[in-house]
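Coordinates from query-v3.cif are shown below (mmCIF, C-alpha atoms).
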```
data_input
loop_
_atom_site.label_atom_id
_atom_site.label_comp_id
_atom_site.auth_asym_id
_atom_site.auth_seq_id
_atom_site.Cartn_x
_atom_site.Cartn_y
_atom_site.Cartn_z
CA MET I 84 12.04 -41.91 13.56
CA ASN I 85 10.30 -42.06 10.20
CA PHE I 86 12.32 -44.63 8.18
CA PRO I 87 12.07 -42.94 4.72
CA PHE I 88 12.90 -39.55 6.26
CA TYR I 89 15.95 -40.96 8.06
CA ILE I 90 17.35 -42.47 4.86
CA ALA I 91 16.56 -39.31 2.85
CA ARG I 92 18.41 -37.17 5.37
CA ARG I 93 21.50 -39.38 5.10
CA TYR I 94 21.34 -39.20 1.30
CA LEU I 95 21.12 -35.41 1.42
CA PHE I 96 24.34 -34.97 3.37
CA SER I 97 26.30 -38.08 2.34
CA LYS I 98 28.86 -38.23 -0.45
CA LYS I 99 27.51 -39.74 -3.69
CA SER I 100 29.44 -42.08 -5.95
CA THR I 101 29.23 -39.46 -8.69
CA HIS I 102 30.56 -36.13 -7.42
CA ALA I 103 28.38 -34.22 -9.93
CA ILE I 104 25.28 -35.23 -7.98
CA ASN I 105 26.54 -33.34 -4.91
CA ILE I 106 27.25 -30.29 -7.08
CA ILE I 107 23.81 -30.41 -8.74
CA SER I 108 22.13 -30.82 -5.34
CA GLY I 109 23.98 -27.74 -4.10
CA ILE I 110 22.97 -25.83 -7.23
CA SER I 111 19.36 -26.91 -6.64
CA VAL I 112 19.38 -25.54 -3.10
CA GLY I 113 21.13 -22.37 -4.31
CA GLY I 114 18.67 -21.84 -7.15
CA VAL I 115 15.66 -22.14 -4.86
CA ALA I 116 17.37 -19.90 -2.28
CA VAL I 117 18.08 -17.16 -4.83
CA ALA I 118 14.49 -17.21 -6.14
CA THR I 119 13.16 -17.13 -2.57
CA MET I 120 15.49 -14.27 -1.65
CA ALA I 121 14.27 -12.33 -4.72
CA LEU I 122 10.66 -12.81 -3.61
CA VAL I 123 11.41 -11.57 -0.09
CA VAL I 124 13.35 -8.51 -1.22
CA THR I 125 11.02 -7.54 -4.08
CA LEU I 126 7.79 -7.81 -2.08
CA SER I 127 9.41 -5.94 0.82
CA VAL I 128 10.38 -3.09 -1.51
CA PHE I 129 6.78 -2.90 -2.77
CA ASN I 130 5.67 -2.80 0.88
CA GLY I 131 8.18 -0.01 1.52
CA PHE I 132 6.78 2.13 -1.29
CA HIS I 133 3.22 1.39 -0.11
CA ASP I 134 4.05 2.51 3.44
CA LEU I 135 5.92 5.56 2.15
CA VAL I 136 2.98 6.73 0.02
CA ALA I 137 0.59 5.98 2.90
CA SER I 138 2.70 8.21 5.19
CA PHE I 139 2.22 11.12 2.76
CA PHE I 140 -1.56 10.72 2.76
CA THR I 141 -1.60 10.38 6.56
CA ALA I 142 -0.64 14.05 6.89
CA PHE I 143 -3.70 15.15 4.92
CA ASP I 144 -6.34 12.41 4.99
CA PRO I 145 -8.43 11.75 8.11
CA GLN I 146 -8.47 8.38 9.84
CA ILE I 147 -12.11 7.88 8.85
CA LYS I 148 -14.16 9.74 6.26
CA VAL I 149 -17.95 9.50 6.08
CA VAL I 150 -19.40 10.46 2.68
CA PRO I 151 -22.91 10.22 1.18
CA ALA I 152 -23.56 6.98 -0.66
CA MET I 153 -25.78 8.82 -3.14
CA GLY I 154 -25.17 12.36 -4.35
CA LYS I 155 -22.43 14.80 -3.39
CA SER I 156 -23.76 16.31 -0.18
CA ALA I 157 -25.88 15.64 2.89
CA PRO I 158 -27.45 17.79 5.64
CA ALA I 159 -24.90 18.65 8.31
CA ASP I 160 -27.52 18.10 11.03
CA ASP I 161 -28.49 14.60 9.84
CA PRO I 162 -29.32 12.55 13.01
CA LEU I 163 -27.09 9.70 11.79
CA LEU I 164 -24.12 12.05 11.51
CA ASN I 165 -24.87 13.52 14.92
CA GLU I 166 -24.92 10.03 16.40
CA ILE I 167 -21.54 9.29 14.81
CA ARG I 168 -20.09 12.57 16.15
CA THR I 169 -21.13 11.74 19.71
CA LEU I 170 -19.52 8.29 19.84
CA PRO I 171 -17.19 8.18 22.87
CA GLN I 172 -14.23 7.05 20.74
CA ILE I 173 -14.39 10.14 18.46
CA ASP I 174 -11.78 12.77 19.36
CA VAL I 175 -12.21 15.25 16.47
CA ALA I 176 -15.03 15.59 13.94
CA THR I 177 -14.69 18.07 11.06
CA GLU I 178 -17.36 19.12 8.59
CA CYS I 179 -16.06 19.50 5.03
CA VAL I 180 -17.44 20.91 1.80
CA GLU I 181 -15.41 20.08 -1.31
CA ASP I 182 -15.94 20.76 -5.01
CA MET I 183 -14.32 22.09 -8.19
CA ALA I 184 -13.92 25.80 -8.94
CA LEU I 185 -11.89 28.26 -11.01
CA ALA I 186 -9.14 30.32 -9.35
CA VAL I 187 -7.85 33.55 -10.92
CA PHE I 188 -4.85 35.56 -9.72
CA ASN I 189 -3.06 38.33 -11.65
CA GLY I 190 -4.33 37.07 -15.01
CA ARG I 191 -3.43 33.44 -14.32
CA GLN I 192 -6.14 30.87 -13.80
CA ALA I 193 -6.43 27.20 -12.84
CA MET I 194 -9.12 24.67 -12.12
CA ILE I 195 -8.87 23.88 -8.44
CA ARG I 196 -10.54 21.72 -5.81
CA VAL I 197 -11.73 23.86 -2.91
CA LYS I 198 -11.73 21.99 0.40
CA GLY I 199 -13.66 23.93 3.02
CA VAL I 200 -12.93 22.73 6.57
CA ASP I 201 -13.77 23.53 10.18
CA ASP I 202 -11.39 25.38 12.50
CA ASN I 203 -10.28 22.07 14.06
CA PHE I 204 -8.78 20.78 10.78
CA SER I 205 -5.24 21.12 12.17
CA GLU I 206 -6.28 18.83 15.06
CA LEU I 207 -7.82 16.33 12.64
CA THR I 208 -4.74 15.99 10.42
CA HIS I 209 -1.00 16.65 10.51
CA ILE I 210 -1.32 19.69 8.25
CA ASN I 211 1.10 21.74 10.40
CA GLU I 212 3.86 19.22 9.60
CA ILE I 213 3.61 19.78 5.82
CA ILE I 214 3.25 23.57 5.54
CA TYR I 215 5.98 25.87 4.23
CA GLY I 216 6.26 29.64 4.41
CA ASP I 217 6.65 32.52 6.85
CA GLY I 218 3.14 32.39 8.30
CA GLU I 219 1.06 29.73 10.00
CA PHE I 220 -1.93 27.66 8.94
CA ARG I 221 -5.09 29.65 9.56
CA LEU I 222 -8.55 29.81 8.03
CA HIS I 223 -9.99 33.17 9.04
CA ALA I 224 -9.58 36.23 11.22
CA ALA I 225 -12.72 38.24 11.95
CA ASN I 226 -14.41 38.61 8.53
CA LEU I 227 -11.24 37.82 6.55
CA GLN I 228 -11.01 34.40 4.91
CA PHE I 229 -7.65 32.79 4.11
CA GLY I 230 -6.67 30.14 1.60
CA THR I 231 -3.78 27.67 1.80
CA PRO I 232 -2.95 26.19 -1.62
CA GLY I 233 -0.87 23.17 -2.54
CA ILE I 234 2.71 24.01 -3.47
CA GLN I 235 2.29 23.13 -7.16
CA LEU I 236 -0.94 25.10 -7.40
CA ALA I 237 0.80 28.14 -5.89
CA TYR I 238 3.53 27.83 -8.53
CA GLN I 239 0.96 27.45 -11.33
CA LEU I 240 -0.92 30.61 -10.27
CA GLY I 241 2.27 32.48 -9.46
CA THR I 242 1.17 33.30 -5.93
CA GLY I 243 4.09 31.93 -3.94
CA ALA I 244 3.59 31.18 -0.26
CA HIS I 245 2.33 34.70 0.35
CA TRP I 246 0.40 36.70 -2.25
CA PRO I 247 -0.67 40.34 -2.09
CA GLY I 248 -4.32 41.20 -2.51
CA PHE I 249 -7.07 38.73 -3.28
CA MET I 250 -7.32 35.47 -5.17
CA HIS I 251 -10.68 35.32 -6.92
CA VAL I 252 -12.54 32.02 -7.00
CA TYR I 253 -15.52 31.25 -9.26
CA ALA I 254 -18.07 28.42 -9.20
CA PRO I 255 -21.19 27.97 -11.36
CA LYS I 256 -24.54 28.70 -9.75
CA ARG I 257 -26.59 25.61 -9.03
CA GLU I 258 -29.91 27.19 -9.92
CA GLY I 259 -31.18 29.40 -12.72
CA GLN I 260 -30.50 29.61 -16.42
CA LEU I 261 -27.45 30.94 -18.23
CA ASP I 262 -27.94 34.47 -19.62
CA LEU I 263 -25.67 34.75 -22.67
CA ASN I 264 -25.89 38.54 -22.48
CA ASN I 265 -24.49 38.47 -18.95
CA PRO I 266 -22.48 35.23 -18.49
CA ASP I 267 -20.82 36.51 -15.30
CA ALA I 268 -24.20 36.27 -13.58
CA ALA I 269 -24.06 32.47 -13.94
CA PHE I 270 -21.16 32.26 -11.48
CA VAL I 271 -20.73 32.78 -7.76
CA GLU I 272 -17.58 34.80 -7.04
CA ASP I 273 -15.69 35.03 -3.77
CA SER I 274 -12.13 35.91 -2.81
CA LEU I 275 -9.41 34.70 -0.49
CA LEU I 276 -6.43 36.28 1.24
CA SER I 277 -3.14 34.45 1.66
CA SER I 278 -2.53 32.54 4.86
CA GLY I 279 1.21 33.00 4.24
CA VAL I 280 1.91 29.28 3.81
CA VAL I 281 1.50 26.48 1.28
CA PHE I 282 1.26 22.74 1.94
CA SER I 283 3.12 19.88 0.27
CA VAL I 284 1.75 16.33 0.53
CA LYS I 285 4.26 15.22 -2.16
CA GLN I 286 1.34 13.85 -4.15
CA ALA I 287 0.29 15.71 -7.32
CA LYS I 288 -3.44 15.16 -6.79
CA TYR I 289 -3.24 17.34 -3.67
CA ASP I 290 -0.30 19.67 -4.31
CA ARG I 291 -1.50 20.61 -7.81
CA ASP I 292 -5.28 20.85 -7.30
CA TYR I 293 -6.23 21.61 -3.69
CA ILE I 294 -6.69 24.79 -1.72
CA ILE I 295 -7.85 24.66 1.91
CA THR I 296 -10.41 27.29 2.93
CA PRO I 297 -12.93 27.90 5.74
CA VAL I 298 -16.03 25.72 5.41
CA ALA I 299 -18.19 28.88 5.38
CA PHE I 300 -16.34 30.08 2.28
CA ALA I 301 -16.95 26.76 0.46
CA ARG I 302 -20.62 26.69 1.46
CA ASN I 303 -21.17 30.18 0.12
CA LEU I 304 -19.23 29.48 -3.09
CA PHE I 305 -21.05 26.24 -3.89
CA SER I 306 -24.45 27.23 -2.47
CA GLN I 307 -24.29 24.44 0.11
CA GLN I 308 -25.59 26.22 3.19
CA GLY I 309 -26.22 23.73 5.98
CA MET I 310 -24.72 20.89 3.91
CA ILE I 311 -21.51 18.87 3.97
CA THR I 312 -19.82 16.64 1.42
CA SER I 313 -17.98 14.65 4.09
CA LEU I 314 -17.61 14.23 7.83
CA GLU I 315 -13.97 13.57 8.71
CA LEU I 316 -13.05 11.90 11.98
CA ARG I 317 -10.06 11.27 14.21
CA LEU I 318 -10.27 8.65 16.95
CA LYS I 319 -9.04 8.99 20.50
CA PRO I 320 -5.64 7.38 21.16
CA GLY I 321 -5.95 3.71 22.11
CA SER I 322 -9.29 3.21 20.36
CA ASN I 323 -9.86 -0.07 18.54
CA PHE I 324 -9.92 1.20 14.98
CA ASP I 325 -11.65 -1.80 13.40
CA ALA I 326 -14.31 -1.93 16.11
CA VAL I 327 -15.04 1.81 15.84
CA LYS I 328 -15.18 1.67 12.05
CA SER I 329 -17.63 -1.26 12.22
CA LYS I 330 -19.79 0.67 14.70
CA ILE I 331 -19.84 3.74 12.43
CA LYS I 332 -20.77 1.60 9.42
CA GLU I 333 -23.59 0.07 11.45
CA ILE I 334 -24.92 3.54 12.29
CA ALA I 335 -24.44 4.88 8.76
CA GLY I 336 -26.22 1.95 7.12
CA ASP I 337 -26.73 2.27 3.38
CA LYS I 338 -26.98 6.06 3.50
CA TYR I 339 -23.26 6.76 3.96
CA GLN I 340 -19.96 5.18 3.04
CA VAL I 341 -17.32 4.85 5.77
CA LEU I 342 -13.80 5.03 4.36
CA ASP I 343 -10.46 4.45 6.06
CA ARG I 344 -7.24 5.92 4.63
CA ASP I 345 -6.61 3.04 2.26
CA GLU I 346 -10.17 3.23 0.95
CA GLN I 347 -9.91 7.00 0.49
CA GLN I 348 -6.96 6.38 -1.84
CA ALA I 349 -8.32 3.14 -3.29
CA GLU I 350 -7.13 3.81 -6.85
CA THR I 351 -3.53 4.47 -5.82
CA PHE I 352 -3.25 1.52 -3.46
CA ASN I 353 -5.09 -0.88 -5.78
CA ILE I 354 -2.55 -0.13 -8.51
CA MET I 355 0.28 -0.80 -6.08
CA LYS I 356 -1.34 -4.07 -4.98
CA ILE I 357 -1.71 -5.18 -8.61
CA GLU I 358 1.94 -4.37 -9.29
CA LYS I 359 2.97 -6.34 -6.22
CA LEU I 360 0.80 -9.29 -7.28
CA LEU I 361 2.30 -9.29 -10.79
CA ALA I 362 5.81 -9.20 -9.33
CA TYR I 363 4.91 -12.16 -7.10
CA ILE I 364 3.54 -14.13 -10.09
CA PHE I 365 6.60 -13.43 -12.29
CA LEU I 366 9.04 -14.37 -9.53
CA THR I 367 7.06 -17.54 -8.84
CA PHE I 368 7.58 -18.52 -12.48
CA ILE I 369 11.32 -17.94 -11.98
CA LEU I 370 11.10 -20.13 -8.88
CA MET I 371 9.48 -22.87 -10.97
CA VAL I 372 12.40 -22.70 -13.42
CA ALA I 373 14.84 -22.94 -10.50
CA CYS I 374 13.02 -26.06 -9.30
CA PHE I 375 13.93 -27.85 -12.54
CA ASN I 376 17.34 -28.27 -10.89
CA ILE I 377 15.62 -30.36 -8.23
CA ILE I 378 14.22 -32.62 -10.94
CA GLY I 379 17.72 -33.15 -12.42
CA SER I 380 19.33 -33.68 -9.03
CA LEU I 381 16.69 -36.15 -7.89
CA SER I 382 16.75 -38.06 -11.19
CA MET I 383 20.51 -38.56 -10.94
CA LEU I 384 20.22 -39.55 -7.28
CA ILE I 385 17.61 -42.20 -8.13
CA ILE I 386 19.89 -43.67 -10.76
CA ASP I 387 22.86 -43.54 -8.35
CA LYS I 388 20.95 -45.30 -5.55
CA LYS I 389 19.34 -48.12 -7.54
CA GLU I 390 21.52 -50.71 -5.81
CA ASP I 391 20.58 -49.25 -2.41
CA ALA I 392 16.92 -49.56 -3.39
CA VAL I 393 17.41 -53.27 -4.17
CA THR I 394 19.11 -53.78 -0.79
CA LEU I 395 16.28 -51.99 1.02
CA ARG I 396 13.71 -54.16 -0.73
CA ASN I 397 15.60 -57.27 0.36
CA LEU I 398 15.51 -55.95 3.91
CA GLY I 399 11.71 -55.67 3.72
CA ALA I 400 11.12 -52.07 2.57
CA SER I 401 8.06 -51.61 0.38
CA ASN I 402 8.07 -49.78 -2.95
CA GLN I 403 6.03 -47.02 -1.35
CA GLN I 404 8.62 -46.52 1.40
CA ILE I 405 11.45 -46.37 -1.14
CA SER I 406 9.55 -43.81 -3.22
CA ARG I 407 8.97 -41.74 -0.11
CA ILE I 408 12.73 -41.67 0.52
CA PHE I 409 13.29 -39.78 -2.71
CA LEU I 410 10.20 -37.65 -2.18
CA PHE I 411 11.59 -36.55 1.18
CA GLU I 412 14.98 -35.95 -0.44
CA GLY I 413 13.51 -33.54 -3.00
CA ARG I 414 11.32 -31.84 -0.44
CA MET I 415 14.25 -31.29 1.91
CA ILE I 416 16.11 -29.59 -0.92
CA GLY I 417 13.09 -27.29 -1.39
CA VAL I 418 12.79 -26.55 2.35
CA ALA I 419 16.52 -25.91 2.68
CA GLY I 420 16.42 -23.49 -0.26
CA ALA I 421 13.35 -21.73 1.18
CA VAL I 422 14.86 -21.28 4.65
CA ILE I 423 18.24 -20.11 3.33
CA GLY I 424 16.60 -17.75 0.84
CA ILE I 425 14.30 -16.22 3.47
CA ILE I 426 17.19 -15.70 5.89
CA ILE I 427 19.37 -14.05 3.23
CA GLY I 428 16.41 -11.96 2.02
CA LEU I 429 15.66 -10.73 5.54
CA LEU I 430 19.33 -9.88 6.09
CA LEU I 431 19.39 -7.88 2.86
CA CYS I 432 16.19 -6.05 3.86
CA TRP I 433 17.71 -5.25 7.26
CA ALA I 434 20.88 -3.94 5.61
CA GLN I 435 18.84 -1.77 3.23
CA GLN I 436 16.73 -0.39 6.08
CA THR I 437 19.79 0.31 8.23
CA PHE I 438 22.38 1.52 5.74
CA GLY I 439 20.39 2.42 2.58
CA ILE I 440 22.78 0.43 0.38
CA VAL I 441 20.77 0.70 -2.87
CA ARG I 442 20.16 4.38 -3.50
CA LEU I 443 17.63 6.06 -5.77
CA GLY I 444 20.01 8.68 -7.13
CA ASP I 445 23.47 10.17 -6.82
CA SER I 446 22.28 13.60 -5.68
CA SER I 447 20.43 14.02 -2.42
CA GLY I 448 17.14 15.89 -2.62
CA ASN I 449 16.21 14.66 -6.09
CA PHE I 450 13.81 12.13 -4.62
CA VAL I 451 11.50 12.01 -1.63
CA VAL I 452 13.79 9.38 -0.09
CA ASP I 453 17.48 8.78 -0.83
CA SER I 454 17.33 4.96 -0.96
CA TYR I 455 14.78 2.29 -1.78
CA PRO I 456 12.31 1.94 1.12
CA VAL I 457 11.89 -1.55 2.54
CA SER I 458 9.19 -2.93 4.83
CA VAL I 459 9.02 -6.61 5.76
CA HIS I 460 5.50 -7.91 6.38
CA PHE I 461 5.08 -11.11 8.36
CA TRP I 462 2.33 -12.54 6.17
CA ASP I 463 4.39 -11.98 3.03
CA ILE I 464 7.12 -14.19 4.49
CA ILE I 465 4.58 -16.89 5.34
CA ILE I 466 3.10 -16.78 1.82
CA ILE I 467 6.57 -16.92 0.25
CA PHE I 468 7.59 -19.89 2.39
CA PHE I 469 4.52 -21.93 1.52
CA THR I 470 4.78 -20.93 -2.16
CA VAL I 471 8.36 -22.23 -2.31
CA ILE I 472 7.42 -25.41 -0.44
CA ALA I 473 4.43 -26.05 -2.73
CA VAL I 474 6.41 -25.49 -5.95
CA GLY I 475 9.34 -27.53 -4.66
CA TRP I 476 7.18 -30.43 -3.52
CA LEU I 477 5.34 -30.54 -6.83
CA ALA I 478 8.67 -30.62 -8.66
CA VAL I 479 9.73 -33.90 -7.01
CA TRP I 480 6.71 -35.86 -8.23
CA TYR I 481 7.95 -36.13 -11.82
CA PRO I 482 11.32 -37.87 -11.25
CA VAL I 483 9.94 -40.19 -8.54
CA ARG I 484 6.99 -41.28 -10.73
CA HIS I 485 8.88 -41.30 -14.03
CA PHE I 486 11.90 -43.34 -12.96
CA LYS I 487 11.27 -46.78 -11.58
CA VAL I 488 12.94 -46.90 -8.18
#
```
Let's see the structure in the file written out as structure tokens.
Amino acid sequence: MNFPFYIARRYLFSKKSTHAINIISGISVGGVAVATMALVVTLSVFNGFHDLVASFFTAFDPQIKVVPAMGKSAPADDPLLNEIRTLPQIDVATECVEDMALAVFNGRQAMIRVKGVDDNFSELTHINEIIYGDGEFRLHAANLQFGTPGIQLAYQLGTGAHWPGFMHVYAPKREGQLDLNNPDAAFVEDSLLSSGVVFSVKQAKYDRDYIITPVAFARNLFSQQGMITSLELRLKPGSNFDAVKSKIKEIAGDKYQVLDRDEQQAETFNIMKIEKLLAYIFLTFILMVACFNIIGSLSMLIIDKKEDAVTLRNLGASNQQISRIFLFEGRMIGVAGAVIGIIIGLLLCWAQQTFGIVRLGDSSGNFVVDSYPVSVHFWDIIIIFFTVIAVGWLAVWYPVRHFKV
């Protein structure tokens, strides 16, 4: 057995001549454990919110979205897109045309984002799981074209889930000059019937702005015949997502961008990652303050064990070996605090996941979830452990080097 480690282990658990040293050592372990526990719980809560928001987007966003790298649109019959469509791992491929327009209904108007999709859109996404109303999601019947707005957009226009008559949609013409004597001629006008339902992604950017229409309607409105603004894909079950995405990027080259769900919502998830990083940094500073207890505990232990150090020297121990004894002592305090803190943190996360102990509000239905969501990620635990070990080990250098052992 390593001689300095053996002696350090005995010092950690043995009774000291001054009882305060045992108390301070316990406080040191407790302080590190509390800071570690806070890191585990806080980062897991951030993960929970990330996964919760991601679950909302999953119902609406495709697994993979291919968009032009330059400009808004691309030819629907582009050979590169055809090659991507025919990959054996692709289960559903939907052509989309999306742009801004003006919606008018019964004197009310709103700027909207028209998303024209193929008939297989319900197979591409989980749209049927987030629709509300008496009807069903549909895009057209014979020559009739239906629109399905977001729930907030329906409220803003006063349509409800089912509106009588037509909703008129306007978009500026892409060619020609504006005639001030006849400004209406500068716009393309088309109309939509109600599908009888609205959708709710529980995200304002969709619920407030979007209306889903047939792709033919969007192409006519935006003068994009034969064009698409995106090709949205769903993979067959069991496909290797990363491998398929890499293959699509290889085919697309520099002409198209290939976006997964996180990349489609890059702004939202980047903000959440920054918030999580800042929380990690702030809690690491608190951990550093907690490690000052290790410095005090180790300093008092060095003073208490000066006579033992003299005895060990007489028995042949080198100064380096004696210094390592106290280095191991401080490091064991850090490791003990890290392990205890991680265990307690994981138990608290389990309790929150199972019982929802910390709730978001007193009244159910006020929030999307009733209690704080929690999701423990393996790599977060590894990072926390090594962060605590690194901070704790650095903290022991000062007393060992400052006090002559």
Running the PyMOL selection byres ((chain I and resi 224) around 12) on this model by hand, what would come out? Give it as a ChimeraX atom specification.
/I:202,220-223,225-230,275-278,297
Best match for closeness to Ala478 (chain I) among I:Ala157, I:Ile167, I:Val136, I:Val115, counting all atoms listed in the file
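Closest to Ala478 (chain I) of all the choices is I:Val115.
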So which one's closest to Leu429 (chain I), I:Asn376, I:Asn303, I:Gln340, I:Thr125? Using all atoms listed in the file, please.
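Of the candidates, the smallest distance to Leu429 (chain I) is held by I:Thr125.
With all atoms listed in the file as the atoms that count, the residue of I:Ile210, I:Val128, I:Ile334, I:Val187 with the shortest distance to Asp273 (chain I) is I:Val187.
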Fewer than 4 positions away in the same chain doesn't count, so skip those; otherwise give me all residues within 12 Å of Leu430 (chain I), counting only C-alpha atoms, as a PyMOL selection string.
chain I and resi 120+123-124+127+423-426+434-438+457+459
Atomic separation - CA of Val175 (chain I) relative to CA of Asp290 (chain I), Å
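Calculated distance between CA of Asp290 (chain I) and CA of Val175 (chain I) is 24.4 Å.
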Have a look at CA of Gln239 (chain I) and CA of Phe188 (chain I) and let me know their distance in Å, one decimal.
10.1 Å
List, as JSON, numbers by chain, every residue that the PyMOL selection byres ((chain I and resi 351) around 12) selects in the file provided.
{"I": [132, 133, 136, 137, 140, 286, 287, 288, 344, 345, 346, 347, 348, 349, 350, 352, 353, 354, 355, 356, 357, 358]}
Selection under test: the PyMOL selection byres ((chain I and resi 284) around 12); residues as a PyMOL selection string:
chain I and resi 135-144+208-215+232-235+281-283+285-293+451
In terms of the shortest atom-to-atom distance over only C-alpha atoms, which of I:Gly475, I:Phe300, I:Val422, I:Leu342 is closest to Ser329 (chain I)?
I:Leu342
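One finds CA of Thr296 (chain I) at 11.2 Å from CA of Val252 (chain I).
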Exercise: Asn189 (chain I) partners within 12 Å, all atoms listed in the file, chain neighbours under 3 positions left out, as a PyMOL selection string
chain I and resi 186+192-193+239-242+246-251
With 12 Å as the threshold, what does the neighbourhood of (3.9, -22.7, -5.3) contain in terms of residues, counting only C-alpha atoms? Coordinates are those of the file; answer as number ranges by chain.
I: 115, 118-119, 363-372, 374, 417, 421, 466-478
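Comparing the minimum interatomic distances between Asp217 (chain I) and each of I:Gly131, I:Gly199, I:Pro145, I:Gly279, counting only C-alpha atoms, we find that I:Gly279 sits nearest.
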Output, as JSON, the centre and edge lengths in Å (one decimal) of the axis-aligned box that contains all listed atoms of region 323-342 of chain I with 8 Å of margin on each side.
```
{"center_x": -18.4, "center_y": 2.4, "center_z": 10.8, "size_x": 33.1, "size_y": 24.7, "size_z": 31.5}
```
